[in-house]
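Structure file target02.pdb (PDB, C-alpha atoms and all ligand atoms) is printed below.
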ATOM      1  CA  MET A 421     -19.402  10.098   6.369
ATOM      2  CA  LYS A 422     -15.965   9.348   7.731
ATOM      3  CA  ILE A 423     -15.745   7.389  10.920
ATOM      4  CA  LEU A 424     -12.573   7.854  12.899
ATOM      5  CA  LEU A 425     -11.008   4.654  14.090
ATOM      6  CA  PRO A 426     -10.054   4.352  17.734
ATOM      7  CA  VAL A 427      -6.357   4.548  18.449
ATOM      8  CA  LEU A 428      -4.957   1.047  18.374
ATOM      9  CA  ALA A 429      -2.703  -0.197  21.086
ATOM     10  CA  THR A 430      -0.146  -1.733  18.743
ATOM     11  CA  GLY A 431       0.432   1.561  17.001
ATOM     12  CA  LEU A 432       0.515  -0.368  13.747
ATOM     13  CA  ALA A 433      -2.713   0.704  12.146
ATOM     14  CA  ALA A 434      -2.579   4.079  13.811
ATOM     15  CA  VAL A 435      -0.054   5.273  11.312
ATOM     16  CA  ILE A 436      -0.814   3.371   8.146
ATOM     17  CA  GLY A 437      -4.531   3.989   8.641
ATOM     18  CA  LEU A 438      -6.825   1.042   8.302
ATOM     19  CA  PRO A 439      -8.450   0.941   4.895
ATOM     20  CA  GLY A 440     -12.186   0.557   4.460
ATOM     21  CA  GLN A 441     -13.514  -2.972   4.601
ATOM     22  CA  ALA A 442     -13.718  -3.588   0.851
ATOM     23  CA  GLN A 443     -10.106  -2.508   0.497
ATOM     24  CA  LEU A 444      -8.862  -5.389   2.606
ATOM     25  CA  ILE A 445      -9.486  -7.576  -0.445
ATOM     26  CA  LEU A 446      -6.788  -7.420  -3.110
ATOM     27  CA  GLY A 447      -7.725  -7.208  -6.781
ATOM     28  CA  GLU A 448      -6.081  -8.937  -9.738
ATOM     29  CA  GLU A 449      -4.990  -5.822 -11.563
ATOM     30  CA  THR A 450      -1.272  -5.057 -11.677
ATOM     31  CA  ALA A 451       0.826  -1.949 -12.200
ATOM     32  CA  GLN A 452       4.262  -2.069 -13.819
ATOM     33  CA  ILE A 453       6.923  -0.721 -11.467
ATOM     34  CA  SER A 454       9.998  -1.539 -13.576
ATOM     35  CA  PRO A 455      10.803  -4.005 -16.390
ATOM     36  CA  HIS A 456      10.676  -7.103 -14.144
ATOM     37  CA  VAL A 457       8.543  -5.878 -11.264
ATOM     38  CA  GLN A 458       4.758  -5.693 -11.151
ATOM     39  CA  ALA A 459       2.608  -4.692  -8.210
ATOM     40  CA  ILE A 460      -0.900  -5.253  -6.971
ATOM     41  CA  LEU A 461      -1.663  -1.948  -5.270
ATOM     42  CA  GLY A 462      -3.721  -2.399  -2.118
ATOM     43  CA  PHE A 463      -3.448  -3.300   1.560
ATOM     44  CA  PRO A 464      -0.567  -3.763   1.347
ATOM     45  CA  ASN A 465       1.066  -3.267  -2.055
ATOM     46  CA  ILE A 466       2.301  -6.647  -3.293
ATOM     47  CA  GLY A 467       5.499  -6.959  -5.346
ATOM     48  CA  ILE A 468       5.784  -9.622  -8.054
ATOM     49  CA  VAL A 469       9.252 -10.088  -9.539
ATOM     50  CA  VAL A 470       9.292 -12.031 -12.775
ATOM     51  CA  GLY A 471      12.370 -13.846 -14.048
ATOM     52  CA  ALA A 472      12.719 -16.339 -16.884
ATOM     53  CA  ASN A 473      12.645 -19.403 -14.611
ATOM     54  CA  ALA A 474      10.954 -18.291 -11.450
ATOM     55  CA  VAL A 475       8.792 -15.648  -9.888
ATOM     56  CA  LEU A 476       9.151 -14.033  -6.470
ATOM     57  CA  VAL A 477       6.139 -12.687  -4.622
ATOM     58  CA  VAL A 478       6.773 -10.158  -1.863
ATOM     59  CA  ASP A 479       4.082 -10.147   0.854
ATOM     60  CA  THR A 480       0.863 -12.108   1.087
ATOM     61  CA  GLY A 481      -2.105  -9.835   1.758
ATOM     62  CA  LEU A 482      -4.355 -10.251   4.787
ATOM     63  CA  GLY A 483      -5.226 -13.937   5.052
ATOM     64  CA  PRO A 484      -5.364 -16.913   2.640
ATOM     65  CA  ARG A 485      -8.080 -15.501   0.375
ATOM     66  CA  ASN A 486      -5.763 -12.652  -0.581
ATOM     67  CA  GLY A 487      -2.790 -15.015  -0.813
ATOM     68  CA  ALA A 488      -4.699 -17.144  -3.330
ATOM     69  CA  THR A 489      -5.483 -14.064  -5.446
ATOM     70  CA  ILE A 490      -1.812 -13.118  -5.548
ATOM     71  CA  ALA A 491      -0.754 -16.650  -6.478
ATOM     72  CA  LYS A 492      -3.264 -16.594  -9.330
ATOM     73  CA  VAL A 493      -1.901 -13.282 -10.614
ATOM     74  CA  ALA A 494       1.683 -14.558 -10.326
ATOM     75  CA  ALA A 495       0.772 -17.649 -12.377
ATOM     76  CA  ARG A 496      -0.775 -15.414 -15.026
ATOM     77  CA  LEU A 497       2.322 -13.181 -15.222
ATOM     78  CA  ALA A 498       4.807 -16.032 -15.144
ATOM     79  CA  PRO A 499       3.288 -19.286 -16.317
ATOM     80  CA  ASN A 500       6.197 -21.402 -15.153
ATOM     81  CA  PRO A 501       6.279 -23.560 -12.075
ATOM     82  CA  LYS A 502       8.814 -22.125  -9.637
ATOM     83  CA  LEU A 503       7.232 -19.793  -7.096
ATOM     84  CA  TYR A 504       9.144 -18.100  -4.304
ATOM     85  CA  LEU A 505       7.450 -16.144  -1.543
ATOM     86  CA  THR A 506       9.009 -13.748   0.914
ATOM     87  CA  THR A 507       7.555 -11.275   3.424
ATOM     88  CA  THR A 508       8.776  -7.830   4.469
ATOM     89  CA  HIS A 509       7.826  -8.331   8.136
ATOM     90  CA  PHE A 510       5.597 -10.449  10.335
ATOM     91  CA  HIS A 511       2.478  -8.238  10.470
ATOM     92  CA  PRO A 512      -0.644 -10.084   9.236
ATOM     93  CA  GLU A 513      -1.325  -8.104   6.054
ATOM     94  CA  HIS A 514       2.238  -8.917   5.000
ATOM     95  CA  ALA A 515       2.557 -12.530   6.093
ATOM     96  CA  ALA A 516      -0.749 -14.159   7.086
ATOM     97  CA  GLY A 517      -1.897 -14.897   3.527
ATOM     98  CA  GLU A 518       0.750 -17.581   3.138
ATOM     99  CA  PRO A 519      -1.679 -20.547   3.438
ATOM    100  CA  GLY A 520      -3.386 -19.293   0.245
ATOM    101  CA  PHE A 521      -0.302 -20.076  -1.841
ATOM    102  CA  PRO A 522      -0.042 -23.419  -3.642
ATOM    103  CA  ALA A 523       1.868 -26.375  -2.235
ATOM    104  CA  GLY A 524       5.455 -26.285  -3.456
ATOM    105  CA  THR A 525       5.829 -22.536  -2.913
ATOM    106  CA  THR A 526       9.236 -21.873  -1.392
ATOM    107  CA  LEU A 527       8.912 -19.529   1.589
ATOM    108  CA  ILE A 528      12.045 -17.587   2.510
ATOM    109  CA  ARG A 529      12.583 -14.933   5.153
ATOM    110  CA  ASN A 530      15.351 -13.499   7.289
ATOM    111  CA  ARG A 531      16.046 -14.820  10.755
ATOM    112  CA  ALA A 532      15.271 -11.623  12.679
ATOM    113  CA  GLN A 533      11.838 -11.527  11.040
ATOM    114  CA  GLN A 534      11.225 -15.175  11.903
ATOM    115  CA  ASP A 535      12.187 -14.381  15.497
ATOM    116  CA  ASP A 536       9.584 -11.571  15.480
ATOM    117  CA  MET A 537       7.086 -14.047  14.079
ATOM    118  CA  ASP A 538       7.888 -16.678  16.717
ATOM    119  CA  GLN A 539       7.564 -14.151  19.522
ATOM    120  CA  HIS A 540       4.632 -12.027  18.391
ATOM    121  CA  GLY A 541       3.008 -13.721  15.380
ATOM    122  CA  ALA A 542       0.112 -15.405  17.195
ATOM    123  CA  GLU A 543      -0.482 -12.360  19.375
ATOM    124  CA  ILE A 544      -0.807  -9.936  16.461
ATOM    125  CA  LEU A 545      -3.090 -12.332  14.570
ATOM    126  CA  ASN A 546      -5.396 -12.191  17.587
ATOM    127  CA  THR A 547      -5.222  -8.403  17.727
ATOM    128  CA  PHE A 548      -6.137  -8.078  14.055
ATOM    129  CA  SER A 549      -8.888 -10.706  14.286
ATOM    130  CA  GLY A 550     -10.447  -8.745  17.127
ATOM    131  CA  ARG A 551     -10.730  -5.552  15.128
ATOM    132  CA  ASN A 552     -13.775  -6.324  13.055
ATOM    133  CA  GLU A 553     -15.812  -9.153  11.594
ATOM    134  CA  GLN A 554     -14.173  -9.039   8.176
ATOM    135  CA  MET A 555     -10.669  -9.298   9.586
ATOM    136  CA  ARG A 556     -11.793 -12.158  11.785
ATOM    137  CA  GLU A 557     -13.137 -13.973   8.731
ATOM    138  CA  LEU A 558     -10.071 -13.303   6.597
ATOM    139  CA  LEU A 559      -7.762 -14.572   9.322
ATOM    140  CA  ALA A 560      -9.849 -17.513  10.523
ATOM    141  CA  ASN A 561      -7.812 -20.698  11.001
ATOM    142  CA  VAL A 562      -4.572 -19.196   9.730
ATOM    143  CA  LYS A 563      -1.710 -21.525  10.583
ATOM    144  CA  LEU A 564       1.705 -20.008  10.147
ATOM    145  CA  ARG A 565       4.167 -22.510   8.749
ATOM    146  CA  ARG A 566       7.924 -22.601   9.137
ATOM    147  CA  PRO A 567       9.832 -21.038   6.234
ATOM    148  CA  ASP A 568      11.639 -23.390   3.864
ATOM    149  CA  GLU A 569      14.716 -21.222   4.121
ATOM    150  CA  VAL A 570      15.968 -18.698   6.649
ATOM    151  CA  PHE A 571      18.891 -16.356   6.034
ATOM    152  CA  ASP A 572      20.802 -13.970   8.270
ATOM    153  CA  LYS A 573      21.705 -10.889   6.233
ATOM    154  CA  GLU A 574      21.400 -11.603   2.536
ATOM    155  CA  ARG A 575      20.008 -14.232   0.190
ATOM    156  CA  ARG A 576      20.535 -13.741  -3.552
ATOM    157  CA  LEU A 577      17.768 -15.309  -5.547
ATOM    158  CA  ASP A 578      18.503 -15.976  -9.217
ATOM    159  CA  LEU A 579      15.144 -15.883 -11.009
ATOM    160  CA  GLY A 580      16.594 -16.533 -14.458
ATOM    161  CA  GLY A 581      17.023 -14.349 -17.527
ATOM    162  CA  GLY A 582      19.481 -12.131 -15.669
ATOM    163  CA  VAL A 583      16.970 -11.152 -12.979
ATOM    164  CA  THR A 584      18.228 -11.327  -9.413
ATOM    165  CA  ALA A 585      16.378 -10.482  -6.230
ATOM    166  CA  ARG A 586      18.556  -9.653  -3.252
ATOM    167  CA  LEU A 587      16.704 -10.321  -0.008
ATOM    168  CA  LEU A 588      18.318  -8.156   2.645
ATOM    169  CA  TRP A 589      18.215  -7.531   6.369
ATOM    170  CA  PHE A 590      19.958  -4.309   7.403
ATOM    171  CA  GLY A 591      18.700  -4.082  11.003
ATOM    172  CA  GLY A 592      15.602  -2.966  12.878
ATOM    173  CA  ALA A 593      13.341  -0.112  11.772
ATOM    174  CA  HIS A 594       9.511  -0.450  11.692
ATOM    175  CA  THR A 595      10.064  -3.898  13.257
ATOM    176  CA  LYS A 596      13.254  -5.655  14.319
ATOM    177  CA  GLY A 597      13.061  -8.016  11.362
ATOM    178  CA  ASP A 598      12.244  -5.758   8.387
ATOM    179  CA  GLU A 599      13.312  -7.389   5.131
ATOM    180  CA  LEU A 600      14.139  -5.339   2.044
ATOM    181  CA  ILE A 601      14.129  -6.642  -1.508
ATOM    182  CA  PHE A 602      16.369  -5.171  -4.183
ATOM    183  CA  VAL A 603      15.790  -6.313  -7.758
ATOM    184  CA  GLU A 604      18.580  -6.260 -10.308
ATOM    185  CA  PRO A 605      19.037  -5.154 -13.031
ATOM    186  CA  ASP A 606      15.967  -2.944 -12.488
ATOM    187  CA  GLN A 607      17.416  -1.270  -9.378
ATOM    188  CA  THR A 608      13.980  -1.550  -7.807
ATOM    189  CA  LEU A 609      13.621  -1.516  -4.050
ATOM    190  CA  ILE A 610      10.617  -3.189  -2.454
ATOM    191  CA  SER A 611      10.824  -1.359   0.806
ATOM    192  CA  GLY A 612       8.117  -2.704   3.128
ATOM    193  CA  ASP A 613       7.235  -0.186   5.806
ATOM    194  CA  VAL A 614      10.836   1.067   6.024
ATOM    195  CA  VAL A 615      10.722   3.542   3.128
ATOM    196  CA  GLN A 616       7.337   5.047   2.410
ATOM    197  CA  ASN A 617       6.011   7.825   0.257
ATOM    198  CA  LYS A 618       5.217  10.660   2.667
ATOM    199  CA  VAL A 619       3.936   8.540   5.523
ATOM    200  CA  ALA A 620       4.923   9.452   9.071
ATOM    201  CA  PRO A 621       7.204   6.671  10.335
ATOM    202  CA  ASN A 622       5.882   4.197  12.869
ATOM    203  CA  ILE A 623       7.834   1.865  15.094
ATOM    204  CA  ALA A 624       5.789  -1.156  16.077
ATOM    205  CA  ALA A 625       5.893  -2.541  19.607
ATOM    206  CA  ASP A 626       9.258  -4.284  20.131
ATOM    207  CA  GLY A 627      10.534  -2.814  16.854
ATOM    208  CA  GLY A 628      13.747  -0.960  16.014
ATOM    209  CA  THR A 629      14.775   2.487  17.244
ATOM    210  CA  PRO A 630      14.882   5.803  15.372
ATOM    211  CA  ALA A 631      18.691   5.529  15.351
ATOM    212  CA  SER A 632      18.681   1.980  13.978
ATOM    213  CA  TRP A 633      16.111   3.010  11.342
ATOM    214  CA  ILE A 634      18.480   5.773  10.163
ATOM    215  CA  ALA A 635      21.349   3.262  10.051
ATOM    216  CA  VAL A 636      19.175   1.004   7.874
ATOM    217  CA  LEU A 637      18.398   3.904   5.535
ATOM    218  CA  ASP A 638      22.113   4.661   5.185
ATOM    219  CA  GLN A 639      22.661   1.138   3.899
ATOM    220  CA  ILE A 640      19.649   1.372   1.591
ATOM    221  CA  GLU A 641      20.958   4.606   0.084
ATOM    222  CA  ARG A 642      24.111   2.792  -1.004
ATOM    223  CA  LEU A 643      22.007   0.410  -3.133
ATOM    224  CA  GLY A 644      21.180   3.268  -5.494
ATOM    225  CA  ALA A 645      17.522   2.438  -6.061
ATOM    226  CA  LEU A 646      15.832   3.980  -9.097
ATOM    227  CA  HIS A 647      12.331   2.730  -8.298
ATOM    228  CA  VAL A 648      10.744   2.216  -4.900
ATOM    229  CA  LEU A 649       7.645   0.156  -4.170
ATOM    230  CA  PRO A 650       6.537   0.864  -0.589
ATOM    231  CA  ASP A 651       3.885  -1.199   1.207
ATOM    232  CA  HIS A 652       1.353   1.398   2.229
ATOM    233  CA  SER A 653       1.828   4.333  -0.114
ATOM    234  CA  ALA A 654       2.295   5.190  -3.767
ATOM    235  CA  PRO A 655       5.315   3.886  -5.719
ATOM    236  CA  GLY A 656       7.992   6.441  -6.478
ATOM    237  CA  ASP A 657      11.602   6.915  -7.523
ATOM    238  CA  GLY A 658      14.843   6.588  -5.575
ATOM    239  CA  SER A 659      14.372   9.975  -3.945
ATOM    240  CA  LEU A 660      11.916   8.385  -1.522
ATOM    241  CA  VAL A 661      14.888   6.890   0.310
ATOM    242  CA  SER A 662      16.594  10.210   1.009
ATOM    243  CA  GLU A 663      13.263  11.850   1.813
ATOM    244  CA  GLU A 664      12.541   9.189   4.414
ATOM    245  CA  ARG A 665      15.987   9.658   5.896
ATOM    246  CA  ARG A 666      15.630  13.431   5.983
ATOM    247  CA  PHE A 667      12.271  13.252   7.775
ATOM    248  CA  ILE A 668      13.391  10.749  10.386
ATOM    249  CA  SER A 669      16.745  12.332  11.155
ATOM    250  CA  ASP A 670      15.157  15.788  11.267
ATOM    251  CA  LEU A 671      12.509  14.562  13.702
ATOM    252  CA  ARG A 672      15.061  12.720  15.811
ATOM    253  CA  THR A 673      17.384  15.735  15.980
ATOM    254  CA  ARG A 674      14.541  18.029  17.067
ATOM    255  CA  ALA A 675      13.299  15.539  19.665
ATOM    256  CA  LEU A 676      16.788  15.203  21.137
ATOM    257  CA  GLU A 677      17.080  19.002  21.328
ATOM    258  CA  LEU A 678      13.820  19.243  23.255
ATOM    259  CA  LYS A 679      14.894  16.392  25.490
ATOM    260  CA  ARG A 680      18.109  18.243  26.339
ATOM    261  CA  GLN A 681      16.032  21.313  27.176
ATOM    262  CA  GLY A 682      14.076  19.269  29.699
ATOM    263  CA  VAL A 683      10.816  19.193  27.725
ATOM    264  CA  THR A 684       8.731  16.086  28.530
ATOM    265  CA  ALA A 685       8.234  13.478  25.833
ATOM    266  CA  GLU A 686       4.529  14.234  25.793
ATOM    267  CA  ASP A 687       4.987  17.969  25.269
ATOM    268  CA  ALA A 688       7.664  17.340  22.671
ATOM    269  CA  GLY A 689       5.277  15.049  20.777
ATOM    270  CA  GLY A 690       2.657  17.773  20.593
ATOM    271  CA  ARG A 691       5.091  20.505  19.658
ATOM    272  CA  LEU A 692       6.855  18.498  16.982
ATOM    273  CA  THR A 693       3.586  17.290  15.480
ATOM    274  CA  ALA A 694       2.555  20.915  14.958
ATOM    275  CA  GLU A 695       6.011  21.891  13.726
ATOM    276  CA  PHE A 696       6.287  19.034  11.234
ATOM    277  CA  LYS A 697       2.769  19.506   9.903
ATOM    278  CA  THR A 698       3.945  22.919   8.719
ATOM    279  CA  LYS A 699       7.440  21.915   7.717
ATOM    280  CA  TYR A 700       6.385  18.784   5.790
ATOM    281  CA  ALA A 701       3.142  20.120   4.408
ATOM    282  CA  GLY A 702       2.762  17.344   1.815
ATOM    283  CA  TRP A 703       2.824  14.630   4.484
ATOM    284  CA  PRO A 704      -0.530  13.739   6.029
ATOM    285  CA  ILE A 705       0.677  13.699   9.647
ATOM    286  CA  ASN A 706      -1.722  12.709  12.444
ATOM    287  CA  ASN A 707       0.580  12.683  15.396
ATOM    288  CA  LEU A 708       4.231  12.007  15.978
ATOM    289  CA  ASN A 709       3.919  11.271  19.707
ATOM    290  CA  ASN A 710       4.906   7.616  19.543
ATOM    291  CA  PHE A 711       7.920   8.242  17.365
ATOM    292  CA  VAL A 712       9.079  11.092  19.613
ATOM    293  CA  LYS A 713       8.681   8.788  22.624
ATOM    294  CA  SER A 714      10.921   6.262  20.851
ATOM    295  CA  VAL A 715      13.577   8.936  20.411
ATOM    296  CA  TYR A 716      13.385   9.809  24.108
ATOM    297  CA  ALA A 717      13.715   6.116  24.978
ATOM    298  CA  GLU A 718      16.835   5.484  22.866
TER     299      GLU A 718
HETATM  300 ZN    ZN B   1       3.806  -3.337   9.729
HETATM  301 ZN    ZN B   2       2.582  -2.666   6.932
END
Can you give me the file's structure in the form of structure tokens?
Amino acid sequence: MKILLPVLATGLAAVIGLPGQAQLILGEETAQISPHVQAILGFPNIGIVVGANAVLVVDTGLGPRNGATIAKVAARLAPNPKLYLTTTHFHPEHAAGEPGFPAGTTLIRNRAQQDDMDQHGAEILNTFSGRNEQMRELLANVKLRRPDEVFDKERRLDLGGGVTARLLWFGGAHTKGDELIFVEPDQTLISGDVVQNKVAPNIAADGGTPASWIAVLDQIERLGALHVLPDHSAPGDGSLVSEERRFISDLRTRALELKRQGVTAEDAGGRLTAEFKTKYAGWPINNLNNFVKSVYAE
């Protein structure tokens, strides 16, 4: 039997859908995304970029137990000492597993994300811990440490053997601090919650705006990604980027039209949810109310 979860105030889990309890625990199996990128598929998908001298892990899983699993897998894939860790944004399934990584791991993230973390990190850990017993256990005693390195817009990480990871901040989207990772020469984008595979977009509290999200996607399109590893949906090819852009700009355009016609945000949310369920039949859409509200508030 399926039990529907209550709507969550943060809006975060409302859109990604909370997985069942067992699925909060990451496994050790990996999938090959491109020649130098492996992934553990789960909540969330974890990217592991393997160079000749170093390995970069993208995202931590929910709490230290998951972080330790990822570190173990990384050591198996790349049995050499240098381990870098970065996170796509400050939400706990992406960042709160950091204490599970071994001492000597170099933690890097962009400044806007660290600002999000400083402002809302403790608060969202509390929210997640209050959801159920398993989350409380997984997040017990998590202490968030300062990153070893903070960058503004781009940090190029040379992993050796010709493999480079570009850590990028293009502006606010799902959160204000969303980081994107582009791996060369694979042309693989690790896209966080910014580019997904047919998932209705969700702006977290104090996140970006629909307009800034589109501006971010414009910059991503110029990277020319061939492979995309999203956080909460299936990996795909570069077309995920233009699909995401099409959905968001379509929804924004329609919401602005209804706003001009004097339709309330609430009514517009209902109408556009119905309209987009038909128009984007392959997308499992619950409701677009929050996103439409964000368009009205721009
Ligand atoms: Zn998130
Ligand atoms: Zn997420």
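With a cut-off of 8 Å and using all atoms listed in the file, the polymer residues contacting ligand ZN 1 (chain B) are A:Leu432, A:His509, A:Phe510, A:His511, A:Glu513, A:His514, A:His594, A:Thr595, A:Gly612, A:Asp613, A:Ala624.
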Since I can't run it myself right now, could you work out what the PyMOL selection byres (((not hetatm)) within 12 of (chain B and resi 2)) selects here and report it as a PDB file with C-alpha atoms, in the frame of the given file?
ATOM      1  CA  GLY A 431       0.432   1.561  17.001  1.00  0.00           C
ATOM      2  CA  LEU A 432       0.515  -0.368  13.747  1.00  0.00           C
ATOM      3  CA  ALA A 433      -2.713   0.704  12.146  1.00  0.00           C
ATOM      4  CA  ALA A 434      -2.579   4.079  13.811  1.00  0.00           C
ATOM      5  CA  VAL A 435      -0.054   5.273  11.312  1.00  0.00           C
ATOM      6  CA  ILE A 436      -0.814   3.371   8.146  1.00  0.00           C
ATOM      7  CA  GLY A 437      -4.531   3.989   8.641  1.00  0.00           C
ATOM      8  CA  LEU A 438      -6.825   1.042   8.302  1.00  0.00           C
ATOM      9  CA  PRO A 439      -8.450   0.941   4.895  1.00  0.00           C
ATOM     10  CA  GLY A 462      -3.721  -2.399  -2.118  1.00  0.00           C
ATOM     11  CA  PHE A 463      -3.448  -3.300   1.560  1.00  0.00           C
ATOM     12  CA  PRO A 464      -0.567  -3.763   1.347  1.00  0.00           C
ATOM     13  CA  ASN A 465       1.066  -3.267  -2.055  1.00  0.00           C
ATOM     14  CA  ILE A 466       2.301  -6.647  -3.293  1.00  0.00           C
ATOM     15  CA  ASP A 479       4.082 -10.147   0.854  1.00  0.00           C
ATOM     16  CA  THR A 480       0.863 -12.108   1.087  1.00  0.00           C
ATOM     17  CA  GLY A 481      -2.105  -9.835   1.758  1.00  0.00           C
ATOM     18  CA  LEU A 482      -4.355 -10.251   4.787  1.00  0.00           C
ATOM     19  CA  THR A 507       7.555 -11.275   3.424  1.00  0.00           C
ATOM     20  CA  THR A 508       8.776  -7.830   4.469  1.00  0.00           C
ATOM     21  CA  HIS A 509       7.826  -8.331   8.136  1.00  0.00           C
ATOM     22  CA  PHE A 510       5.597 -10.449  10.335  1.00  0.00           C
ATOM     23  CA  HIS A 511       2.478  -8.238  10.470  1.00  0.00           C
ATOM     24  CA  PRO A 512      -0.644 -10.084   9.236  1.00  0.00           C
ATOM     25  CA  GLU A 513      -1.325  -8.104   6.054  1.00  0.00           C
ATOM     26  CA  HIS A 514       2.238  -8.917   5.000  1.00  0.00           C
ATOM     27  CA  ALA A 515       2.557 -12.530   6.093  1.00  0.00           C
ATOM     28  CA  ALA A 516      -0.749 -14.159   7.086  1.00  0.00           C
ATOM     29  CA  HIS A 594       9.511  -0.450  11.692  1.00  0.00           C
ATOM     30  CA  THR A 595      10.064  -3.898  13.257  1.00  0.00           C
ATOM     31  CA  ASP A 598      12.244  -5.758   8.387  1.00  0.00           C
ATOM     32  CA  GLU A 599      13.312  -7.389   5.131  1.00  0.00           C
ATOM     33  CA  SER A 611      10.824  -1.359   0.806  1.00  0.00           C
ATOM     34  CA  GLY A 612       8.117  -2.704   3.128  1.00  0.00           C
ATOM     35  CA  ASP A 613       7.235  -0.186   5.806  1.00  0.00           C
ATOM     36  CA  VAL A 614      10.836   1.067   6.024  1.00  0.00           C
ATOM     37  CA  VAL A 615      10.722   3.542   3.128  1.00  0.00           C
ATOM     38  CA  GLN A 616       7.337   5.047   2.410  1.00  0.00           C
ATOM     39  CA  VAL A 619       3.936   8.540   5.523  1.00  0.00           C
ATOM     40  CA  PRO A 621       7.204   6.671  10.335  1.00  0.00           C
ATOM     41  CA  ASN A 622       5.882   4.197  12.869  1.00  0.00           C
ATOM     42  CA  ILE A 623       7.834   1.865  15.094  1.00  0.00           C
ATOM     43  CA  ALA A 624       5.789  -1.156  16.077  1.00  0.00           C
ATOM     44  CA  PRO A 650       6.537   0.864  -0.589  1.00  0.00           C
ATOM     45  CA  ASP A 651       3.885  -1.199   1.207  1.00  0.00           C
ATOM     46  CA  HIS A 652       1.353   1.398   2.229  1.00  0.00           C
ATOM     47  CA  SER A 653       1.828   4.333  -0.114  1.00  0.00           C
TER      48      SER A 653
END
For segment 553-557 of chain A, what centre and edge lengths in Å (one decimal) does the axis-aligned box get once 8 Å is added on each side of all its listed atoms, as JSON?
{"center_x": -13.2, "center_y": -11.5, "center_z": 10.0, "size_x": 21.1, "size_y": 20.9, "size_z": 19.6}
Exercise for review: Would you mind telling me which residue in A:Leu637, A:Leu588, A:Ala717, A:Ala459 lies nearest to Arg575 of chain A when using all atoms listed in the file?
Suggested key: A:Leu588
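Nearest to Leu444 of chain A of all the residues A:Glu543, A:Glu569, A:Glu557, A:Glu518 is A:Glu557, based on all atoms listed in the file.
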Review point. Between A:Leu692, A:Ala593, A:Leu558, A:Ala472, which has the minimum distance to Gly628 of chain A (counting only C-alpha atoms)?
Key: A:Ala593
Hey, what's within 7 Å of segment 560-568 of chain A if we count only C-alpha atoms and toss same-chain stuff fewer than 5 positions away? As a PDB file with C-alpha atoms, in the coordinates of the input, please?
ATOM      1  CA  ALA A 516      -0.749 -14.159   7.086  1.00  0.00           C
ATOM      2  CA  THR A 526       9.236 -21.873  -1.392  1.00  0.00           C
ATOM      3  CA  LEU A 527       8.912 -19.529   1.589  1.00  0.00           C
ATOM      4  CA  ILE A 528      12.045 -17.587   2.510  1.00  0.00           C
ATOM      5  CA  ARG A 529      12.583 -14.933   5.153  1.00  0.00           C
TER       6      ARG A 529
END
